[in-house]
Amino acid sequence: MAVNQDSIKNLPYFSGLEGPALDAVSRHFFEKKAVRGDILVFEGAPAEVLYFVVIGVVKVFKTSADGKEQILRIIRPGDSFNDVPVLGGVNLASAAAMGDTVLNGIKKKELEAVSKEYPQIALNIINVLSQRVQEMVELVEDLSFRNVSGRVAKILLEHIGDGGGENPRLTQQEMAAMIGTAREMVGRSFRTLEEEGAIRIERNRIVITDKSALKRIAGIIE
Amino acid sequence: MVGNMPVIDTAKCNLCGLCVSICKCGILVMEDDKVKVVGSVDCERCTKWCNACELVCPTGAITCPFEIVLEDSRD
(Lines give C-alpha, C1' and ligand atoms only; values in the text may rest on other atoms or scores of the structure.)
Protein backbone atom coordinates (compact mmCIF):
# COMPACT_ATOMS: atom_id res chain seq x y z
CA MET A 1 0.00 0.00 0.00
CA ALA A 2 1.23 3.50 -0.85
CA VAL A 3 2.32 5.52 2.16
CA ASN A 4 1.90 9.28 2.28
CA GLN A 5 5.36 10.88 1.84
CA ASP A 6 4.35 13.95 3.83
CA SER A 7 3.66 11.78 6.86
CA ILE A 8 7.07 10.08 6.41
CA LYS A 9 8.84 13.46 6.29
CA ASN A 10 7.28 14.35 9.63
CA LEU A 11 8.82 11.32 11.34
CA PRO A 12 12.02 12.14 13.28
CA TYR A 13 13.81 9.31 11.46
CA PHE A 14 13.28 10.86 8.06
CA SER A 15 13.11 14.61 8.69
CA GLY A 16 15.11 16.67 6.22
CA LEU A 17 14.75 14.12 3.42
CA GLU A 18 13.62 15.19 -0.03
CA GLY A 19 13.25 13.74 -3.53
CA PRO A 20 15.07 10.46 -4.21
CA ALA A 21 15.83 9.77 -0.54
CA LEU A 22 12.17 10.11 0.38
CA ASP A 23 11.17 7.94 -2.58
CA ALA A 24 13.63 5.26 -1.52
CA VAL A 25 12.31 5.19 2.04
CA SER A 26 8.63 5.22 1.12
CA ARG A 27 9.08 2.27 -1.24
CA HIS A 28 10.00 0.10 1.75
CA PHE A 29 7.12 1.15 4.01
CA PHE A 30 4.21 -1.21 4.62
CA GLU A 31 0.99 -0.93 6.59
CA LYS A 32 -0.23 -3.11 9.46
CA LYS A 33 -3.51 -2.94 11.39
CA ALA A 34 -4.24 -4.12 14.93
CA VAL A 35 -6.98 -4.05 17.55
CA ARG A 36 -6.79 -3.55 21.34
CA GLY A 37 -4.70 -6.26 22.94
CA ASP A 38 -2.92 -7.44 19.80
CA ILE A 39 0.74 -8.13 20.55
CA LEU A 40 2.82 -6.42 17.88
CA VAL A 41 6.29 -7.28 19.17
CA PHE A 42 7.33 -10.05 21.55
CA GLU A 43 10.08 -9.50 24.11
CA GLY A 44 13.07 -11.71 23.34
CA ALA A 45 12.14 -12.36 19.70
CA PRO A 46 14.49 -11.24 16.92
CA ALA A 47 13.88 -7.60 16.00
CA GLU A 48 12.88 -7.50 12.35
CA VAL A 49 10.79 -4.35 11.89
CA LEU A 50 10.81 -0.71 13.00
CA TYR A 51 7.22 0.48 13.51
CA PHE A 52 5.62 3.93 13.38
CA VAL A 53 2.17 4.58 14.81
CA VAL A 54 -0.14 6.25 12.28
CA ILE A 55 -3.47 5.91 14.09
CA GLY A 56 -4.12 4.73 17.64
CA VAL A 57 -1.87 4.09 20.62
CA VAL A 58 0.65 1.36 21.46
CA LYS A 59 2.16 0.44 24.81
CA VAL A 60 5.71 -0.87 25.11
CA PHE A 61 6.11 -3.02 28.20
CA LYS A 62 8.17 -5.62 30.02
CA THR A 63 6.69 -8.52 31.97
CA SER A 64 8.26 -10.08 35.07
CA ALA A 65 8.41 -13.83 35.71
CA ASP A 66 5.32 -13.58 37.94
CA GLY A 67 3.35 -11.69 35.30
CA LYS A 68 3.77 -8.14 36.61
CA GLU A 69 3.82 -5.56 33.84
CA GLN A 70 5.95 -2.41 33.64
CA ILE A 71 4.98 -0.04 30.83
CA LEU A 72 8.06 1.69 29.46
CA ARG A 73 6.49 3.97 26.87
CA ILE A 74 3.14 4.92 25.41
CA ILE A 75 3.48 5.48 21.67
CA ARG A 76 1.18 7.93 19.91
CA PRO A 77 0.79 8.80 16.21
CA GLY A 78 4.03 10.07 14.70
CA ASP A 79 6.23 8.19 17.14
CA SER A 80 8.10 4.90 16.71
CA PHE A 81 8.87 1.78 18.70
CA ASN A 82 11.35 -1.08 18.47
CA ASP A 83 14.03 1.51 17.69
CA VAL A 84 16.93 0.18 19.69
CA PRO A 85 16.68 -3.57 18.99
CA VAL A 86 16.07 -3.12 15.28
CA LEU A 87 19.59 -1.72 15.06
CA GLY A 88 21.01 -4.88 16.59
CA GLY A 89 19.74 -7.66 18.82
CA VAL A 90 16.42 -9.00 20.04
CA ASN A 91 13.31 -7.12 21.15
CA LEU A 92 14.01 -5.61 24.57
CA ALA A 93 10.30 -5.31 25.39
CA SER A 94 6.90 -6.32 24.07
CA ALA A 95 4.45 -3.96 22.38
CA ALA A 96 0.66 -4.16 22.25
CA ALA A 97 -2.10 -2.10 20.66
CA MET A 98 -4.27 -0.17 23.17
CA GLY A 99 -7.11 0.23 20.67
CA ASP A 100 -7.74 0.16 16.94
CA THR A 101 -4.32 0.92 15.53
CA VAL A 102 -2.70 1.48 12.14
CA LEU A 103 1.07 1.17 11.86
CA ASN A 104 3.67 1.74 9.20
CA GLY A 105 6.69 -0.52 9.26
CA ILE A 106 10.09 -0.79 7.61
CA LYS A 107 12.19 -3.94 7.80
CA LYS A 108 15.58 -3.89 9.52
CA LYS A 109 17.63 -4.74 6.41
CA GLU A 110 15.87 -2.05 4.39
CA LEU A 111 16.37 0.57 7.10
CA GLU A 112 20.07 -0.33 7.13
CA ALA A 113 20.26 -0.06 3.35
CA VAL A 114 18.67 3.40 3.11
CA SER A 115 20.70 4.72 6.06
CA LYS A 116 23.93 3.66 4.30
CA GLU A 117 22.82 5.35 1.12
CA TYR A 118 21.53 8.55 2.77
CA PRO A 119 23.68 9.65 5.77
CA GLN A 120 20.99 12.11 6.93
CA ILE A 121 18.96 9.08 8.02
CA ALA A 122 21.91 7.79 10.10
CA LEU A 123 22.17 11.19 11.82
CA ASN A 124 18.44 11.16 12.49
CA ILE A 125 18.72 7.66 14.00
CA ILE A 126 21.39 8.95 16.43
CA ASN A 127 19.02 11.74 17.50
CA VAL A 128 16.17 9.28 18.05
CA LEU A 129 18.37 6.97 20.12
CA SER A 130 19.54 9.94 22.18
CA GLN A 131 15.89 10.75 22.90
CA ARG A 132 15.25 7.14 23.97
CA VAL A 133 18.14 7.27 26.47
CA GLN A 134 16.73 10.51 27.90
CA GLU A 135 13.31 8.89 28.30
CA MET A 136 14.83 5.92 30.15
CA VAL A 137 16.74 8.25 32.49
CA GLU A 138 13.48 10.11 33.20
CA LEU A 139 11.76 6.81 34.01
CA VAL A 140 14.54 5.84 36.44
CA GLU A 141 14.24 9.30 38.01
CA ASP A 142 10.47 8.87 38.41
CA LEU A 143 10.79 5.44 40.00
CA SER A 144 13.63 6.54 42.28
CA PHE A 145 12.62 9.97 43.50
CA ARG A 146 8.85 10.50 43.14
CA ASN A 147 6.29 9.06 45.54
CA VAL A 148 3.29 7.24 44.08
CA SER A 149 0.98 10.29 44.12
CA GLY A 150 3.68 12.30 42.38
CA ARG A 151 4.08 9.63 39.72
CA VAL A 152 0.32 9.41 39.18
CA ALA A 153 0.17 13.20 38.90
CA LYS A 154 2.93 13.15 36.26
CA ILE A 155 1.16 10.43 34.27
CA LEU A 156 -2.06 12.45 34.29
CA LEU A 157 -0.23 15.56 33.06
CA GLU A 158 1.46 13.60 30.29
CA HIS A 159 -1.78 12.11 28.97
CA ILE A 160 -4.16 15.04 28.91
CA GLY A 161 -6.59 14.72 26.02
CA ASP A 162 -8.93 17.21 24.42
CA GLY A 163 -12.03 15.10 25.04
CA GLY A 164 -12.08 14.09 21.39
CA GLY A 165 -10.93 10.54 22.06
CA GLU A 166 -7.57 10.89 20.29
CA ASN A 167 -5.51 10.31 23.41
CA PRO A 168 -5.26 6.90 25.03
CA ARG A 169 -7.83 5.98 27.64
CA LEU A 170 -5.97 4.50 30.56
CA THR A 171 -7.13 1.99 33.14
CA GLN A 172 -5.90 2.02 36.72
CA GLN A 173 -4.00 -1.18 35.92
CA GLU A 174 -2.23 0.46 32.98
CA MET A 175 -1.31 3.51 35.07
CA ALA A 176 0.02 1.19 37.79
CA ALA A 177 2.12 -0.63 35.18
CA MET A 178 3.51 2.67 33.92
CA ILE A 179 4.70 3.84 37.32
CA GLY A 180 5.74 0.51 38.83
CA THR A 181 3.13 0.14 41.56
CA ALA A 182 -0.02 -1.81 42.42
CA ARG A 183 -3.45 -0.89 41.03
CA GLU A 184 -4.80 -0.24 44.53
CA MET A 185 -2.09 2.39 45.08
CA VAL A 186 -3.27 4.24 41.98
CA GLY A 187 -6.82 4.28 43.37
CA ARG A 188 -5.51 5.67 46.68
CA SER A 189 -3.51 8.31 44.84
CA PHE A 190 -6.64 9.39 42.96
CA ARG A 191 -8.35 9.99 46.30
CA THR A 192 -5.34 11.93 47.60
CA LEU A 193 -5.22 14.10 44.46
CA GLU A 194 -8.98 14.66 44.69
CA GLU A 195 -8.65 15.73 48.34
CA GLU A 196 -5.90 18.13 47.31
CA GLY A 197 -8.31 19.67 44.82
CA ALA A 198 -6.08 18.86 41.84
CA ILE A 199 -8.45 16.47 40.08
CA ARG A 200 -12.07 15.37 40.07
CA ILE A 201 -13.00 11.78 39.28
CA GLU A 202 -16.04 11.43 37.07
CA ARG A 203 -17.41 8.36 35.44
CA ASN A 204 -14.80 7.34 32.84
CA ARG A 205 -13.07 10.74 33.08
CA ILE A 206 -10.41 12.27 35.26
CA VAL A 207 -10.87 16.01 35.17
CA ILE A 208 -7.82 18.07 36.06
CA THR A 209 -9.28 20.94 38.04
CA ASP A 210 -6.04 22.59 39.12
CA LYS A 211 -3.12 21.95 36.77
CA SER A 212 -0.68 24.02 38.81
CA ALA A 213 -1.44 22.00 41.94
CA LEU A 214 -1.00 18.77 39.98
CA LYS A 215 2.38 19.98 38.67
CA ARG A 216 3.46 20.85 42.20
CA ILE A 217 2.52 17.36 43.43
CA ALA A 218 4.34 15.85 40.44
CA GLY A 219 7.45 17.82 41.39
CA ILE A 220 7.47 19.70 38.11
CA ILE A 221 9.00 23.13 38.52
CA GLU A 222 7.24 25.81 36.46
CA MET B 1 -21.39 5.48 23.05
CA VAL B 2 -18.06 3.67 23.12
CA GLY B 3 -16.09 4.23 26.30
CA ASN B 4 -18.97 4.93 28.65
CA MET B 5 -19.15 1.38 29.90
CA PRO B 6 -16.64 -1.18 31.17
CA VAL B 7 -14.75 -2.90 28.36
CA ILE B 8 -14.81 -6.71 28.24
CA ASP B 9 -12.19 -8.77 26.46
CA THR B 10 -14.11 -11.99 25.81
CA ALA B 11 -10.93 -13.83 24.86
CA LYS B 12 -9.53 -13.31 28.37
CA CYS B 13 -12.82 -13.88 30.25
CA ASN B 14 -13.00 -17.23 32.09
CA LEU B 15 -16.71 -16.78 32.96
CA CYS B 16 -16.09 -16.87 36.70
CA GLY B 17 -18.95 -14.39 37.22
CA LEU B 18 -17.22 -12.36 39.94
CA CYS B 19 -17.76 -9.10 38.05
CA VAL B 20 -21.48 -9.82 37.67
CA SER B 21 -21.86 -10.55 41.36
CA ILE B 22 -19.97 -7.46 42.52
CA CYS B 23 -21.47 -4.90 40.10
CA LYS B 24 -23.43 -2.46 42.27
CA CYS B 25 -25.51 -0.99 39.44
CA GLY B 26 -26.37 -4.29 37.79
CA ILE B 27 -25.15 -3.42 34.32
CA LEU B 28 -23.18 -6.67 34.00
CA VAL B 29 -25.03 -9.91 33.26
CA MET B 30 -24.10 -13.43 32.23
CA GLU B 31 -25.97 -14.36 29.05
CA ASP B 32 -25.35 -17.15 26.56
CA ASP B 33 -22.06 -18.07 28.27
CA LYS B 34 -20.78 -14.50 27.96
CA VAL B 35 -20.54 -11.53 30.29
CA LYS B 36 -22.43 -8.65 28.72
CA VAL B 37 -22.90 -4.99 29.53
CA VAL B 38 -26.58 -4.05 29.61
CA GLY B 39 -28.51 -0.92 30.53
CA SER B 40 -28.35 2.69 29.56
CA VAL B 41 -25.01 4.36 28.93
CA ASP B 42 -26.36 7.12 31.17
CA CYS B 43 -26.96 4.69 34.03
CA GLU B 44 -27.57 7.11 36.90
CA ARG B 45 -26.56 4.61 39.51
CA CYS B 46 -23.07 4.43 38.06
CA THR B 47 -21.95 7.99 38.76
CA LYS B 48 -18.29 7.03 38.97
CA TRP B 49 -16.28 4.13 37.72
CA CYS B 50 -16.32 2.12 40.91
CA ASN B 51 -13.79 -0.22 39.25
CA ALA B 52 -15.06 -3.11 41.36
CA CYS B 53 -15.41 -5.35 38.32
CA GLU B 54 -11.89 -4.50 37.16
CA LEU B 55 -10.52 -5.09 40.65
CA VAL B 56 -12.06 -8.54 41.11
CA CYS B 57 -11.42 -9.87 37.61
CA PRO B 58 -8.76 -12.59 37.98
CA THR B 59 -7.77 -12.50 34.31
CA GLY B 60 -7.80 -8.77 33.56
CA ALA B 61 -10.63 -9.26 31.08
CA ILE B 62 -12.74 -6.32 32.21
CA THR B 63 -11.44 -2.78 32.39
CA CYS B 64 -12.75 0.70 33.11
CA PRO B 65 -10.53 3.10 31.15
CA PHE B 66 -10.36 6.79 31.98
CA GLU B 67 -9.96 9.71 29.65
CA ILE B 68 -7.90 12.54 31.13
CA VAL B 69 -9.11 16.06 30.40
CA LEU B 70 -8.51 19.61 31.61
CA GLU B 71 -11.47 21.34 33.23
CA ASP B 72 -10.58 24.55 31.42
CA SER B 73 -7.57 26.19 29.82
CA ARG B 74 -6.53 27.80 33.09
CA ASP B 75 -2.95 26.90 33.95
# chains A, B, ... in the order shown; residues from 1 in each chain; ligands from 1
call {"tool": "closest_atom_pairs", "arguments": {"of": "range 73-166 of chain A", "to": "range 196-206 of chain A", "cutoff": "12 Å", "atoms": "only C-alpha atoms", "output": "tab-separated table"}}
result
residue	atom	partner	partner_atom	distance
A:Ser149	CA	A:Glu196	CA	10.9
A:Gly150	CA	A:Ala198	CA	11.8
A:Val152	CA	A:Ile199	CA	11.3
A:Ala153	CA	A:Ala198	CA	8.9
A:Ile155	CA	A:Ile206	CA	11.8
A:Leu156	CA	A:Ile206	CA	8.4
A:Leu157	CA	A:Ile199	CA	10.8
A:His159	CA	A:Ile206	CA	10.7
A:Ile160	CA	A:Ile206	CA	9.3
A:Gly161	CA	A:Ile206	CA	10.3
A:Asp162	CA	A:Arg205	CA	11.6
A:Gly163	CA	A:Arg205	CA	9.2
A:Gly165	CA	A:Arg205	CA	11.2
call {"tool": "residues_around", "arguments": {"residues": "Pro58 in chain B", "least_positions_apart": "6", "cutoff": "12 Å", "atoms": "only C-alpha atoms", "output": "VMD selection string"}}
result
chain B and resid 12 to 19 52
call {"tool": "residues_around", "arguments": {"residues": "Phe52 in chain A", "least_positions_apart": "6", "cutoff": "7 Å", "atoms": "only C-alpha atoms", "output": "list in words"}}
result
Gly78, Asp79, Ser80, Phe81, Leu103, Asn104 and Gly105 of chain A
call {"tool": "atom_distance", "arguments": {"atom1": "CA of Arg183 in chain A", "atom2": "CA of Met98 in chain A"}}
result
17.9 Å
call {"tool": "residues_around", "arguments": {"residues": "Thr181 in chain A", "least_positions_apart": "3", "cutoff": "12 Å", "atoms": "only C-alpha atoms", "output": "PyMOL selection string"}}
result
chain A and resi 68-71+142-143+146-149+151-152+172-178+184-189
call {"tool": "closest_residue", "arguments": {"among": "A:Val137, A:Val35, A:Ala21, A:Val41", "to": "chain B", "atoms": "only C-alpha atoms"}}
result
A:Val35
call {"tool": "closest_residue", "arguments": {"among": "A:Val133, A:Gly67, A:Glu117, A:Glu141", "to": "chain B", "atoms": "only C-alpha atoms"}}
result
A:Gly67
call {"tool": "closest_residue", "arguments": {"among": "A:Ala97, A:Leu214, A:Leu170, A:Ile8", "to": "chain B", "atoms": "only C-alpha atoms"}}
result
A:Leu170
call {"tool": "residues_around", "arguments": {"residues": "Asn4 in chain A", "least_positions_apart": "3", "cutoff": "12 Å", "atoms": "only C-alpha atoms", "output": "mmCIF file with N, CA, C and O atoms, in the first residue's frame"}}
result
data_model
loop_
_atom_site.group_PDB
_atom_site.id
_atom_site.type_symbol
_atom_site.label_atom_id
_atom_site.label_comp_id
_atom_site.auth_asym_id
_atom_site.auth_seq_id
_atom_site.Cartn_x
_atom_site.Cartn_y
_atom_site.Cartn_z
ATOM 1 N N MET A 1 0.833 -1.204 0.000
ATOM 2 C CA MET A 1 0.000 0.000 0.000
ATOM 3 C C MET A 1 0.871 1.258 0.000
ATOM 4 O O MET A 1 1.875 1.310 0.696
ATOM 5 N N SER A 7 3.664 12.327 5.498
ATOM 6 C CA SER A 7 3.663 11.775 6.855
ATOM 7 C C SER A 7 5.030 11.170 7.183
ATOM 8 O O SER A 7 5.483 11.221 8.329
ATOM 9 N N ILE A 8 5.716 10.621 6.170
ATOM 10 C CA ILE A 8 7.065 10.076 6.413
ATOM 11 C C ILE A 8 8.035 11.206 6.760
ATOM 12 O O ILE A 8 8.852 11.100 7.681
ATOM 13 N N LYS A 9 7.926 12.321 6.043
ATOM 14 C CA LYS A 9 8.837 13.460 6.286
ATOM 15 C C LYS A 9 8.704 14.006 7.702
ATOM 16 O O LYS A 9 9.634 14.590 8.245
ATOM 17 N N ASN A 10 7.506 13.829 8.285
ATOM 18 C CA ASN A 10 7.278 14.349 9.629
ATOM 19 C C ASN A 10 7.818 13.430 10.730
ATOM 20 O O ASN A 10 7.803 13.788 11.899
ATOM 21 N N LEU A 11 8.255 12.229 10.346
ATOM 22 C CA LEU A 11 8.819 11.318 11.336
ATOM 23 C C LEU A 11 10.258 11.737 11.644
ATOM 24 O O LEU A 11 11.011 12.067 10.720
ATOM 25 N N LEU A 22 13.530 10.346 -0.117
ATOM 26 C CA LEU A 22 12.175 10.105 0.383
ATOM 27 C C LEU A 22 11.485 8.998 -0.420
ATOM 28 O O LEU A 22 10.783 8.145 0.141
ATOM 29 N N ASP A 23 11.731 9.003 -1.730
ATOM 30 C CA ASP A 23 11.168 7.940 -2.584
ATOM 31 C C ASP A 23 11.700 6.574 -2.152
ATOM 32 O O ASP A 23 10.953 5.598 -2.062
ATOM 33 N N VAL A 25 12.854 5.620 0.741
ATOM 34 C CA VAL A 25 12.313 5.187 2.038
ATOM 35 C C VAL A 25 10.863 4.727 1.879
ATOM 36 O O VAL A 25 10.481 3.654 2.361
ATOM 37 N N SER A 26 10.066 5.527 1.183
ATOM 38 C CA SER A 26 8.626 5.224 1.119
ATOM 39 C C SER A 26 8.355 3.913 0.382
ATOM 40 O O SER A 26 7.353 3.254 0.647
ATOM 41 N N ARG A 27 9.257 3.547 -0.523
ATOM 42 C CA ARG A 27 9.076 2.267 -1.239
ATOM 43 C C ARG A 27 9.110 1.072 -0.276
ATOM 44 O O ARG A 27 8.506 0.043 -0.548
ATOM 45 N N PHE A 29 8.118 1.102 2.945
ATOM 46 C CA PHE A 29 7.116 1.151 4.007
ATOM 47 C C PHE A 29 5.963 0.205 3.706
ATOM 48 O O PHE A 29 5.545 0.056 2.572
ATOM 49 N N PHE A 30 5.436 -0.423 4.760
ATOM 50 C CA PHE A 30 4.210 -1.212 4.617
ATOM 51 C C PHE A 30 3.267 -0.895 5.776
ATOM 52 O O PHE A 30 3.676 -0.316 6.776
ATOM 53 N N GLU A 31 2.005 -1.259 5.583
ATOM 54 C CA GLU A 31 0.994 -0.930 6.589
ATOM 55 C C GLU A 31 0.558 -2.174 7.345
ATOM 56 O O GLU A 31 0.505 -3.265 6.771
ATOM 57 N N VAL A 54 0.568 5.291 13.139
ATOM 58 C CA VAL A 54 -0.135 6.253 12.281
ATOM 59 C C VAL A 54 -1.445 6.667 12.951
ATOM 60 O O VAL A 54 -1.773 7.850 13.053
ATOM 61 N N ASN A 104 2.790 1.905 10.349
ATOM 62 C CA ASN A 104 3.665 1.742 9.200
ATOM 63 C C ASN A 104 4.917 1.033 9.698
ATOM 64 O O ASN A 104 5.345 1.255 10.843
#
call {"tool": "closest_residue", "arguments": {"among": "A:Arg36, A:Arg191, A:Lys109, A:His28", "to": "chain B", "atoms": "only C-alpha atoms"}}
result
A:Arg36
call {"tool": "closest_residue", "arguments": {"among": "B:Cys53, B:Leu28, B:Met5, B:Cys23", "to": "chain A", "atoms": "only C-alpha atoms"}}
result
B:Met5
call {"tool": "select_by_dssp", "arguments": {"residues": "chain A", "states": "alpha helix (DSSP H)", "output": "number ranges by chain"}}
result
A: 5-9, 19-28, 83-86, 108-117, 119-145, 148-158, 172-179, 183-195, 211-218
call {"tool": "residues_around", "arguments": {"residues": "Phe145 in chain A", "least_positions_apart": "6", "cutoff": "12 Å", "atoms": "only C-alpha atoms", "output": "ChimeraX atom specification"}}
result
/A:137-139,151,179,218-219
call {"tool": "write_last_selection", "arguments": {"atoms": "N, CA, C and O atoms", "output": "PDB file, in the first residue's frame"}}
result
ATOM      1  N   VAL A 137      16.203   7.566  31.295  1.00  0.00           N
ATOM      2  CA  VAL A 137      16.741   8.245  32.486  1.00  0.00           C
ATOM      3  C   VAL A 137      15.591   8.903  33.268  1.00  0.00           C
ATOM      4  O   VAL A 137      15.542   8.846  34.501  1.00  0.00           O
ATOM      5  N   GLU A 138      14.646   9.495  32.533  1.00  0.00           N
ATOM      6  CA  GLU A 138      13.485  10.107  33.204  1.00  0.00           C
ATOM      7  C   GLU A 138      12.666   9.060  33.956  1.00  0.00           C
ATOM      8  O   GLU A 138      12.175   9.313  35.059  1.00  0.00           O
ATOM      9  N   LEU A 139      12.531   7.870  33.346  1.00  0.00           N
ATOM     10  CA  LEU A 139      11.762   6.807  34.008  1.00  0.00           C
ATOM     11  C   LEU A 139      12.462   6.369  35.289  1.00  0.00           C
ATOM     12  O   LEU A 139      11.827   6.200  36.334  1.00  0.00           O
ATOM     13  N   ARG A 151       3.991  10.356  41.008  1.00  0.00           N
ATOM     14  CA  ARG A 151       4.085   9.634  39.721  1.00  0.00           C
ATOM     15  C   ARG A 151       2.734   9.611  39.016  1.00  0.00           C
ATOM     16  O   ARG A 151       2.658   9.781  37.793  1.00  0.00           O
ATOM     17  N   ILE A 179       3.922   3.201  36.258  1.00  0.00           N
ATOM     18  CA  ILE A 179       4.703   3.838  37.324  1.00  0.00           C
ATOM     19  C   ILE A 179       5.264   2.829  38.313  1.00  0.00           C
ATOM     20  O   ILE A 179       5.802   3.202  39.353  1.00  0.00           O
ATOM     21  N   ALA A 218       3.478  16.659  41.312  1.00  0.00           N
ATOM     22  CA  ALA A 218       4.339  15.846  40.440  1.00  0.00           C
ATOM     23  C   ALA A 218       5.809  16.251  40.550  1.00  0.00           C
ATOM     24  O   ALA A 218       6.676  15.588  39.977  1.00  0.00           O
ATOM     25  N   GLY A 219       6.062  17.363  41.247  1.00  0.00           N
ATOM     26  CA  GLY A 219       7.449  17.819  41.391  1.00  0.00           C
ATOM     27  C   GLY A 219       7.983  18.485  40.150  1.00  0.00           C
ATOM     28  O   GLY A 219       9.196  18.524  39.917  1.00  0.00           O
TER      29      GLY A 219
END
call {"tool": "closest_residue", "arguments": {"among": "B:Ala11, B:Cys64, B:Val37, B:Val29", "to": "chain A", "atoms": "only C-alpha atoms"}}
result
B:Cys64
call {"tool": "atom_distance", "arguments": {"atom1": "CA of Glu112 in chain A", "atom2": "CA of Val49 in chain A"}}
result
11.2 Å
